[in-house]
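**Student:** Sharing a structure with you now.
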Amino acid sequence: MEWFNKPIEAVLDELNSDRAVGLKTQQVAEKKQQYGENALAAKPSKSLAQRFLAQFADVLIIILLISAAISFGIALVNPEEGGFFEPILILVIVIINACVGVYQERKAEKALDALKKMASPHARVIRDGEEQMVETKELVPGDIIRLEAGDFVPADSRLIRATNLKVDESALTGESLPVEKDADAEIKENAPLGDRINMVYSGCSVSYGTGLAVVTATGMNTEMGKIASLLNEEVEEDTPLQQKLAQLGKILGYICLAACAIVFAVGLIDGMPPLEIFMVAVSLAVSAIPEGLPAIVTIVLSIGVQRMVEHNAIIRSLPAVETLGSASVICSDKTGTLTQNRMTLTKAWVDGAEDLETITADNSDIVKKLLLYGALCCDGSVVFLEDGEKHLGDPTETCIVLAAHRNGMPKDEINRTYPRVAELPFDSDRKMMTTVNLFNGKPIAIVKGAFDKIAPLCVAGDVETGRKVNQEMGEAALRVLTIAYKELEEVPENPTTKELEYGLTFFGLVGMIDPPREEVKDAVALCRQAGIKPVMITGDHVVTASAIAREIGILTDEDEAVTGVQVDDMSDDELLERVRHIAVYARVTPENKIRIVKTWQKLGEVAAMTGDGVNDAPALKAADIGCAMGITGTDVAKGAADMTLTDDNFATIVEAVRQGRGIFDNIRKVVGYLIGTNIGEILVVFLAMIFWREAPLLSMQLLWLNLLTDSLPAIALGMEPVDEDVMTRKPKARSEGIFAGGFGARVVFQGFYFGAVSLFGFWLGRKLTGTTAGGQTLCFLVMAAAEIVQSFNMRSHHSLFHGNPFSNRMLNLAAVLSFALTALVLFTPLRSLFELTMLPMNGYLYGIGLALLSIPIMEASKLLGFEKE
């Protein structure tokens, strides 16, 4: 039911309540049974066991488990075929990968817990005609509650009475200023949330005045509850990286199954023993699966996360690093994200002046006098601390006080010099405030408020010119206050509006705005250079939002600004058609935000959403990546987001995009390097089986290669610095795979090289030693050494000698360690465990020579243009 457009008596009747008595104890019990507690329902989270088991729902992992089962079966039937070392090793690898996967799931469901913490723990309620304190969870619709400055609103409520009541709804609606409430206001039926000034909403805070209200909704039925339900309903989709790796896994799985089928067919036709065929099949399965890839990608992403921290961005979900780098649209909240979230006095106009004057630290004498009068007529104050300023009171007042202070007129000092001896507080009917101050013993009434209320009361000054200037300032998105005064004969004992607020002299106007952050304009320009569409989504008024958006470069002549009501009136198809040309959305609801984000996603774009309020949380979660503000951001926004900006700086988002793109480049190198080695391993095992009916590499040898020999260089590749030109590229399309742009051909070429030289090594080793073990040993050496050398070729699509080939110190160290691990298996008693043997000296030299062939081969391919990114 829409409570805001009904008379208060009708609301009370509907809720069976009385404004003086409140609810009776029996009614409370009945309603509590009907509506439940005034609390938010939580979405159950996955247990540790569920998270662990989910790691096994992967084609490649299933193939590995089948391989381990086959190996166990062979070991039981025929222990001479290698024992239990091999299947146990496979199982250990699978379990380690599962543990890493569980640990990687850092995105805990904290948003609803944060929402619960925002609720005021106690509320003042009238029941059975008496005022009492109760826990907020005990409130029910129909309860009569009292509110005063500093309170959190405990439940959605319709105001019965409001005395100078102002409520900060920025966390819910995005409105940067406290909203002035009016219990008697008549509200239109389709009024957006921010315009329902006869209502107060759960989780918002009272910044000024007092109020009496009747509770209309509790728990999940409140506006905050609706947001909580949106968070529950929102299904988290895989990031582009997760989707690409999952697709890659399926392709490798199909390749593996096809190769195994062919091997089985050939083996059975040739009359090979079934156990031998099974052993070759296990080797094929292991060779096809990049066992270390998930862990290595996680490590590379973790390294990227550390880099992000250095640039004031905290990542809560590892794959979100890559997603941010792929972002093609950034939907940003205005208040506190693009702006400073602090009202700032920027312009002043004094009666008789030709132009507006910009507020500085040294204004003209007449503007200083205007600021003096304005500051004296303010209750707000500014406290100066070592780490900055603290504004106390209404932001529209504190910005005047600060401007006066910067012009050499501190509030405490002017209050002593020009003491206040009488006042008429601000109220919503008059829309003005009046103080009487003594100037050298002479009383002067200073009036501050809305132009349309003060202008008719003025008998002196050019009010008509002031009206034009007021309109111009409003069109420039400034919030304007009028200052007038009246000289009195004496201090009134019982001041009245008739005595103080008539016969005024019009003095001037002051204009204020929540200004954009200084660095935002450059950040928006860099976004456009990088092919990213910046979009402003705010709960503020469309005029204010458009002015800010145009100033910082988000709104251009080709773009348009619309309101949430206009979005509601658009069909899905119409919004889909227009969304690319809409740069500003004003007066929006949480549902609007989700719809906008999802519309961009329908177009195949990777959408990022920034914000700091409760109202941003559902869209933060629905977006491909949500970015919350760390300083001004609510716990709800931080809990729903993938990334938190510790400095609340929009420019940090742009730097995070740059880092994300660099990290994706590195992941691409890592994936290409590891998949290339796996292709080589598949080819050498498959072709050796076809040609010689023998396995050139055993599964445990392949596991050593995949997990130790090539993992260290792969991790080091993930630490390459970000390319300088990364922000001049256009974002990758959501459908674009890891191997797009010819990169797949490069990886396949690399795999064929590995397969060819390793297969030759197997043939040569058999010829030199006369044994299959000798062939396997030389094949193992060639494959290991070639992989290590190839890691240097993978650093860039440029020539290895384009720069210093050894500039990546971590890669140098990884290469040395990998060679050491290879030597450990070849030259120590461990070789018997891996079924390897000693080679003649020339065998080792041949192996190193074959591995070094990758340098001239890859250099030639780069020179001929076969390798491009």
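Ordered as shown in the structure tokens, chains take letters A, B, and onward, while each chain numbers its residues from 1 and ligands are numbered from 1 in the order shown.
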Mind running range 551-663 of chain A against range 521-541 of chain A at 10 Å and telling me each contacting residue's nearest atom pair with the distance in Å (one decimal), counting only C-alpha atoms, chain and number ascending, as CSV?

**Tutor:**
residue,atom,partner,partner_atom,distance
A:Glu551,CA,A:Lys521,CA,7.8
A:Ile552,CA,A:Lys521,CA,4.5
A:Gly553,CA,A:Lys521,CA,6.4
A:Ile554,CA,A:Pro534,CA,6.0
A:Leu555,CA,A:Val535,CA,8.3
A:Ala561,CA,A:Met536,CA,9.2
A:Val562,CA,A:Ile537,CA,9.8
A:Thr563,CA,A:His541,CA,8.3
A:Gly564,CA,A:Gly539,CA,8.6
A:Val579,CA,A:Val535,CA,10.0
A:Arg580,CA,A:Lys533,CA,8.5
A:His581,CA,A:Val535,CA,9.8
A:Ile582,CA,A:Val535,CA,7.6
A:Ala583,CA,A:Val535,CA,4.8
A:Val584,CA,A:Met536,CA,4.8
A:Tyr585,CA,A:Ile537,CA,4.7
A:Ala586,CA,A:Thr538,CA,5.0
A:Arg587,CA,A:Gly539,CA,4.0
A:Val588,CA,A:Gly539,CA,5.2
A:Thr589,CA,A:Gly539,CA,7.3
A:Pro590,CA,A:Gly539,CA,9.5
A:Asn592,CA,A:Ile537,CA,9.3
A:Lys593,CA,A:Ile537,CA,7.3
A:Ile596,CA,A:Ile537,CA,9.1
A:Glu605,CA,A:Ile532,CA,10.0
A:Val606,CA,A:Ile532,CA,9.8
A:Ala607,CA,A:Lys533,CA,9.5
A:Ala608,CA,A:Pro534,CA,9.7
A:Met609,CA,A:Ile537,CA,9.2
A:Thr610,CA,A:Ile537,CA,9.3
A:Gly611,CA,A:Ile537,CA,9.2
A:Asn615,CA,A:Gly539,CA,8.9
A:Asp616,CA,A:Thr538,CA,9.3
A:Asn649,CA,A:Ala523,CA,9.7
A:Phe650,CA,A:Ala523,CA,7.0
A:Ala651,CA,A:Ala523,CA,5.0
A:Thr652,CA,A:Ala523,CA,8.5
A:Ile653,CA,A:Ala523,CA,8.4
A:Val654,CA,A:Ala523,CA,6.3
A:Glu655,CA,A:Ala523,CA,8.8
A:Val657,CA,A:Cys527,CA,9.0
A:Arg658,CA,A:Ala530,CA,9.2

**Student:** Would you mind listing what lies within 8 Å of Leu759 in chain A as a list in words, with only C-alpha atoms counted and same-chain residues fewer than 3 positions away left out?

**Tutor:**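 Counting only the stated atoms, we get Val684, Leu687, Ala688, Pro696, Gly755, Ala756, Phe762, Trp763 and Cys779 of chain A.
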
**Student:** If you count only C-alpha atoms, which residues fall within 10 Å of Glu9 in chain A, apart from same-chain ones fewer than 6 positions away, as JSON, numbers by chain?

**Tutor:** {"A": [15, 17, 18, 19, 160]}

**Student:** Within 8 Å of range 184-199 of chain A, counting only C-alpha atoms, which residues qualify if same-chain residues fewer than 2 places away don't, as a list of chain:residue names?

**Tutor:** A:Glu2, A:Phe4, A:Asn5, A:Asp156, A:Ser157, A:Arg158, A:Leu159, A:Ile160, A:Arg161, A:Glu169, A:Thr173, A:Glu175, A:Val179, A:Glu180, A:Lys181, A:Asp182, A:Tyr201, A:Gly539, A:Val565, A:Arg587, A:Val588, A:Thr589

**Student:** Give the answer as one residue: which of A:Leu488, A:Val200, A:Ala450, A:Ile299 has the shortest atom-to-atom distance to Leu172 in chain A, using only C-alpha atoms?

**Tutor:**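 Ranking A:Leu488, A:Val200, A:Ala450, A:Ile299 by distance to Leu172 in chain A, first place goes to A:Val200.
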
**Student:** Separation of CA of Ala123 in chain A and CA of Pro154 in chain A, in Å?

**Tutor:**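 We find that CA of Ala123 in chain A and CA of Pro154 in chain A lie 6.6 Å from each other.
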
**Student:** Which distance in Å separates CA of Ala155 in chain A and CA of Asn38 in chain A, to one decimal?

**Tutor:** 7.6 Å

**Student:** Within 10 Å of range 718-730 of chain A, counting only C-alpha atoms, which residues show up once you throw out same-chain ones fewer than 4 positions away? Write them as an MDAnalysis selection string, please.

**Tutor:** chainID A and resid 296:297 299:301 303:304 325:328 526:532 654:655 657:671 713:714 795:796 807:811

**Student:** According to DSSP computed on the backbone, where in range 661-856 of chain A is there alpha helix (DSSP H)? Give the residues as JSON, numbers by chain.

**Tutor:** {"A": [661, 662, 663, 664, 665, 666, 667, 668, 669, 670, 671, 672, 673, 674, 675, 676, 677, 678, 679, 680, 681, 682, 683, 684, 685, 686, 687, 688, 689, 690, 691, 692, 699, 700, 701, 702, 703, 704, 711, 712, 713, 714, 715, 716, 717, 743, 744, 745, 746, 747, 748, 749, 750, 751, 752, 753, 754, 755, 756, 757, 758, 759, 760, 761, 762, 763, 764, 765, 766, 767, 768, 769, 772, 773, 774, 775, 776, 777, 778, 779, 780, 781, 782, 783, 784, 785, 786, 787, 788, 789, 790, 791, 792, 793, 809, 810, 811, 812, 813, 814, 815, 816, 817, 818, 819, 820, 821, 822, 823, 824, 825, 826, 827, 830, 831, 832, 833, 841, 842, 843, 844, 845, 846, 847, 848, 849, 850, 851, 852, 854, 855, 856]}

**Student:** Compile the contact shell of Lys498 in chain A as a PyMOL selection string: residues with an atom at most 12 Å away, counting only C-alpha atoms, same-chain residues fewer than 4 positions apart removed.

**Tutor:** chain A and resi 424+430+434+457+492+494+502-504

**Student:** How about saving the chosen residues, C-alpha atoms kept, as a PDB file, in the first residue's frame?

**Tutor:**
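Resulting contents of again.pdb:
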ATOM      1  CA  LEU A 424      13.500  32.609  15.011  1.00  0.00           C
ATOM      2  CA  ARG A 430       8.564  29.916   6.370  1.00  0.00           C
ATOM      3  CA  THR A 434      16.306  34.757  11.467  1.00  0.00           C
ATOM      4  CA  LEU A 457       9.241  40.667   2.466  1.00  0.00           C
ATOM      5  CA  PRO A 492      12.678  42.297  20.983  1.00  0.00           C
ATOM      6  CA  ASN A 494       9.403  38.040  22.403  1.00  0.00           C
ATOM      7  CA  TYR A 502       8.975  42.270   7.340  1.00  0.00           C
ATOM      8  CA  GLY A 503      10.368  45.454   5.857  1.00  0.00           C
ATOM      9  CA  LEU A 504      13.670  43.768   4.966  1.00  0.00           C
TER      10      LEU A 504
END

**Student:** So how far away is CA of Glu130 in chain A from CA of Glu148 in chain A, in Å?

**Tutor:**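 If I compute the distance from CA of Glu148 in chain A to CA of Glu130 in chain A, I get 17.7 Å.
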